[in-house]
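What follows is a short report on a single structure.
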Amino acid sequence: MSGAYGAEAVASATRGRRPSSSRIVETTLAIAALLGLAVGVYLGHQIVAMFGASVTENQLRSQHRQRSWSLQQHAADMTAPGNDIFQSRNVRPETRKFYTSRAVLRQALTTARREIVRTIPRAEAKALLADLMAIRRAIRPLVAEVRRIFQAFRDGDVDQALRRQATMNRRAASLRAVFGTLERHYDEVEERRVAAQAEAARRLAAFERWIALLLLAGVGGMVVYGRRADARNEGLAAEQRRSVTALRESEARKGAILASSLDGIISMDQEGRILEFNPAAEGIFGYRRADVLGRSLAETIIPPAARAAHTAGLARFLATRTSDLLHRRIEVMALRATGEEFPVEIAISALEREVTTFTATVRDITERRRAESELAAARDDALEAVRVKSEFVANMSHEIRTPMNIVFGMTDMLRDSPLSAEQHDHVDVLRRNAEGLLRIVDDVLDFSKIEAGKVALESIPFSLRRLLDETVGGLAARAERRGLSLLAQVRPDVPDAVVGDPTRLRQVLLNLVDNAIKFTERGGVRVDVELDTVASGGIVVRFAVADTGIGIPAEKQAQVFEAFTQADGTTTRRYGGTGLGLTISQQLVTLMGGQLWLESEAGEGTTFFFTVPMDEAAARTRAVA
């Protein structure tokens, strides 16, 4: 329908009367006469306007000259008290005269700046404004020197005042130089304006000559144009026929796009009536296109509860031309032909011409909503499973600890009883395996707590070197049994009294050092502590645990921080362990605000680095005080 209307409009534009050549000539002569009269009036007006502009320019020039002279006079008045005091030596009246002159000069500078901004174009006023700013800057050191001279006279130090007078004279000379620059820039501005007026007059004369030539040429051209008008009209008619054909093709393409779109496309006019309803919309809502064209959109696909809001929003947009719903995707409820309400995703755009129309793309999201609901239910089930698992792990850890404590007590009693050497070895094996089992239980419990977000960090003062000595000392016997050296060193610039979580820091160090001893057969383990960065009120300490053990291949290094994972599956059987130590360590370091990483080569040993932000205990004490 819109294609036929467009073709008719284009065809109607091609119809009309074709004026004869004599009519064209008469019209051209009339236009030429009117143009001549208009040009004469225009030129007279321009001449009067140019004369008025010249008078105004001369007045402004005189005002600027007077303003510049007045500024220099005020500046001279300001420097006079500084010189007169050497004759009168009366500080009070000379000071009053000086500050009065300075206030008058400041006001004159402000008035001059306003006049420049108001009467001179911005590009030309830039240098003048800069000169006024330079005058203000030159006044400051002059004022400072005069103040020092006044102070010298108050103190009775005439020699000091005489020495300051020379400096004051130099400051006054600098001020006069700036006034000279201002005067020169005023001259340049006036020269440019006079040149602009001369150029405008020259252009006006040239314009007058060109207008006369153009009028003559226009009369001749219109005569020629009258002869070619018929041929041009024929060409225009042919072009309009081609436009009608292109319009019909465009309408056909638009129809194909609407028909092939998988989303519903609905158009509505500003009265709320449906203009377009594509096949996808028919499938979504269950209406035929022919049945809904011209019907109210609100009464067709909008649920009754939302119709009042739709009508109010349409009226508000037509009144204010603003809406929060345009050009973005929103989710609303829609109504099928069967009366069923269902969720849709809709994007609305407005085409504002003589008559505003709205186009909406609609997508049925019933299945997506169902999938999201199922996903949310699955997430809730997973969270509940994690909670149940955490409670189970915590309860089981508690239940396991009770018999394990009994095992520890019984093994200690057996070790204190009279046993043979072989029996003592058996009891030691039992004790070590019980400790290993308890360590596994502790790792699993810590991992469960961290995973559940129930680990709370402390922030208390402690001795960093004592913590390191206790940690390394507790593992020294184990290293000695394996024939390994175990060393620890703290750089001198690392403060000893710090604030942090000593328990979690000790746990990370125990995990890393114990791991290093476990996977080292020859050589030793070394712990280095140094200062990484220093900030206001805090520090970042870097720890390095290096061993000469089996090392970790590059392709396996990313796996060692995964839960229940070791770089090589055979190491679990050979060295034991759950694969949780490094995972727990990394999570604890992250909770403390640091980072944990490693550097290693297979067969060359491994170095684990981690950083921990801390506060200095002394700084914390000063802050509290």
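A note on labels: chains of the structure tokens are A, B, ... as shown, every chain counts residues from 1, and ligands are counted from 1 in their shown order.
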Which residues, written as an mmCIF file with N, CA and C atoms, in the first residue's frame, have at least one atom at most 9 Å from segment 113-115 of chain A, with only C-alpha atoms counted and residues fewer than 3 positions away on the same chain left out?
data_model
loop_
_atom_site.group_PDB
_atom_site.id
_atom_site.type_symbol
_atom_site.label_atom_id
_atom_site.label_comp_id
_atom_site.auth_asym_id
_atom_site.auth_seq_id
_atom_site.Cartn_x
_atom_site.Cartn_y
_atom_site.Cartn_z
ATOM 1 N N HIS A 64 40.220 53.253 23.696
ATOM 2 C CA HIS A 64 41.326 52.369 24.059
ATOM 3 C C HIS A 64 42.579 53.171 24.356
ATOM 4 N N ALA A 108 41.132 49.700 37.544
ATOM 5 C CA ALA A 108 41.277 50.144 36.157
ATOM 6 C C ALA A 108 41.642 48.977 35.252
ATOM 7 N N LEU A 109 42.484 48.058 35.733
ATOM 8 C CA LEU A 109 42.829 46.869 34.944
ATOM 9 C C LEU A 109 41.603 46.007 34.702
ATOM 10 N N THR A 110 40.786 45.828 35.730
ATOM 11 C CA THR A 110 39.565 45.018 35.578
ATOM 12 C C THR A 110 38.628 45.666 34.562
ATOM 13 N N ARG A 118 34.607 43.023 25.591
ATOM 14 C CA ARG A 118 33.327 43.437 25.014
ATOM 15 C C ARG A 118 33.480 44.023 23.617
ATOM 16 N N THR A 119 34.583 44.711 23.331
ATOM 17 C CA THR A 119 34.663 45.497 22.088
ATOM 18 C C THR A 119 35.650 44.950 21.068
ATOM 19 N N ILE A 120 36.502 44.007 21.450
ATOM 20 C CA ILE A 120 37.536 43.515 20.527
ATOM 21 C C ILE A 120 37.323 42.024 20.316
ATOM 22 N N LEU A 128 46.174 41.353 24.069
ATOM 23 C CA LEU A 128 45.915 42.442 25.001
ATOM 24 C C LEU A 128 45.600 41.909 26.399
ATOM 25 N N LEU A 129 44.791 40.838 26.453
ATOM 26 C CA LEU A 129 44.484 40.238 27.754
ATOM 27 C C LEU A 129 45.737 39.671 28.409
ATOM 28 N N LEU A 132 47.545 42.560 29.951
ATOM 29 C CA LEU A 132 46.947 42.957 31.233
ATOM 30 C C LEU A 132 47.346 41.996 32.347
#
Find the spatial neighbours of Ser267 of chain A, counting only C-alpha atoms, within a cut-off of 12 Å - ignore same-chain residues fewer than 6 positions away - and output them as a list in words.
Leu258, Arg273, Ile274, Leu275, Glu276, Phe277, Asn278, Ala281, Arg289, Val292, Leu293, Gly294, Arg295, Ser296, Leu297, Ala347, Ile348, Ser349, Ala350, Leu351, Thr356, Thr357, Phe358, Thr359, Ala360, Thr361 and Val362 of chain A
Please extract the residues of segment 114-335 of chain A with a backbone DSSP assignment of helix (DSSP H, G or I) and present them as a ChimeraX atom specification.
/A:114-119,122-155,158-260,279-285,289-292,297-301,304-320
At a cut-off of 7 Å, using only C-alpha atoms, what residues contact segment 457-462 of chain A? Leave out same-chain residues fewer than 6 positions from it and give the result as a ChimeraX atom specification.
/A:497-502,617
Write a file of the selected residues as a PDB file, in the first residue's frame, keeping N, CA, C and O atoms.
ATOM      1  N   ALA A 497      58.980  -5.778  63.953  1.00  0.00           N
ATOM      2  CA  ALA A 497      57.661  -5.593  64.568  1.00  0.00           C
ATOM      3  C   ALA A 497      56.654  -5.193  63.494  1.00  0.00           C
ATOM      4  O   ALA A 497      56.718  -4.090  62.964  1.00  0.00           O
ATOM      5  N   VAL A 498      55.756  -6.101  63.144  1.00  0.00           N
ATOM      6  CA  VAL A 498      54.774  -5.859  62.091  1.00  0.00           C
ATOM      7  C   VAL A 498      53.389  -6.207  62.615  1.00  0.00           C
ATOM      8  O   VAL A 498      53.239  -6.821  63.679  1.00  0.00           O
ATOM      9  N   VAL A 499      52.372  -5.830  61.840  1.00  0.00           N
ATOM     10  CA  VAL A 499      50.975  -6.116  62.180  1.00  0.00           C
ATOM     11  C   VAL A 499      50.385  -6.940  61.050  1.00  0.00           C
ATOM     12  O   VAL A 499      50.450  -6.542  59.881  1.00  0.00           O
ATOM     13  N   GLY A 500      49.820  -8.088  61.381  1.00  0.00           N
ATOM     14  CA  GLY A 500      49.222  -8.954  60.374  1.00  0.00           C
ATOM     15  C   GLY A 500      48.589 -10.156  61.041  1.00  0.00           C
ATOM     16  O   GLY A 500      48.194 -10.113  62.214  1.00  0.00           O
ATOM     17  N   ASP A 501      48.504 -11.270  60.291  1.00  0.00           N
ATOM     18  CA  ASP A 501      47.929 -12.511  60.811  1.00  0.00           C
ATOM     19  C   ASP A 501      49.051 -13.530  60.945  1.00  0.00           C
ATOM     20  O   ASP A 501      49.399 -14.215  59.978  1.00  0.00           O
ATOM     21  N   PRO A 502      49.666 -13.642  62.136  1.00  0.00           N
ATOM     22  CA  PRO A 502      50.798 -14.573  62.272  1.00  0.00           C
ATOM     23  C   PRO A 502      50.398 -16.039  62.095  1.00  0.00           C
ATOM     24  O   PRO A 502      51.176 -16.840  61.593  1.00  0.00           O
ATOM     25  N   ALA A 617      54.437  -2.138  63.077  1.00  0.00           N
ATOM     26  CA  ALA A 617      53.829  -1.979  64.403  1.00  0.00           C
ATOM     27  C   ALA A 617      54.106  -0.603  64.968  1.00  0.00           C
ATOM     28  O   ALA A 617      53.253   0.012  65.591  1.00  0.00           O
TER      29      ALA A 617
END
Nearby residues (only C-alpha atoms) at most 6 Å from segment 511-527 of chain A, same-chain spacing under 2 positions excluded, as a list in words
Leu484, Ser485, Leu486, Leu487, Ala488, Val508, Leu509, Ala544, Val545, Ala546, Asp547, Thr548, Gly549 and Gly581 of chain A
Report the distance between atom CA of Ser600 of chain A and atom CA of Glu555 of chain A in Å, rounded to one decimal place.
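Spanning atom CA of Ser600 of chain A to atom CA of Glu555 of chain A is a straight-line distance of 10.8 Å.
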As a ChimeraX atom specification, please: every residue in segment 253-370 of chain A that DSSP puts in strand (DSSP E or B).
/A:264-269,273-277,296,326,329-335,341-351,357-364
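Using only C-alpha atoms, the shortest contact distance between Phe207 of chain A and any of A:Ala535, A:Leu34, A:Val427, A:Val39 is found at A:Val39.
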For a test of reading the model, state the distance in Å between atom CA of Thr311 of chain A and atom CA of Glu352 of chain A, rounded to one decimal.
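Those two atoms sit 18.3 Å apart.
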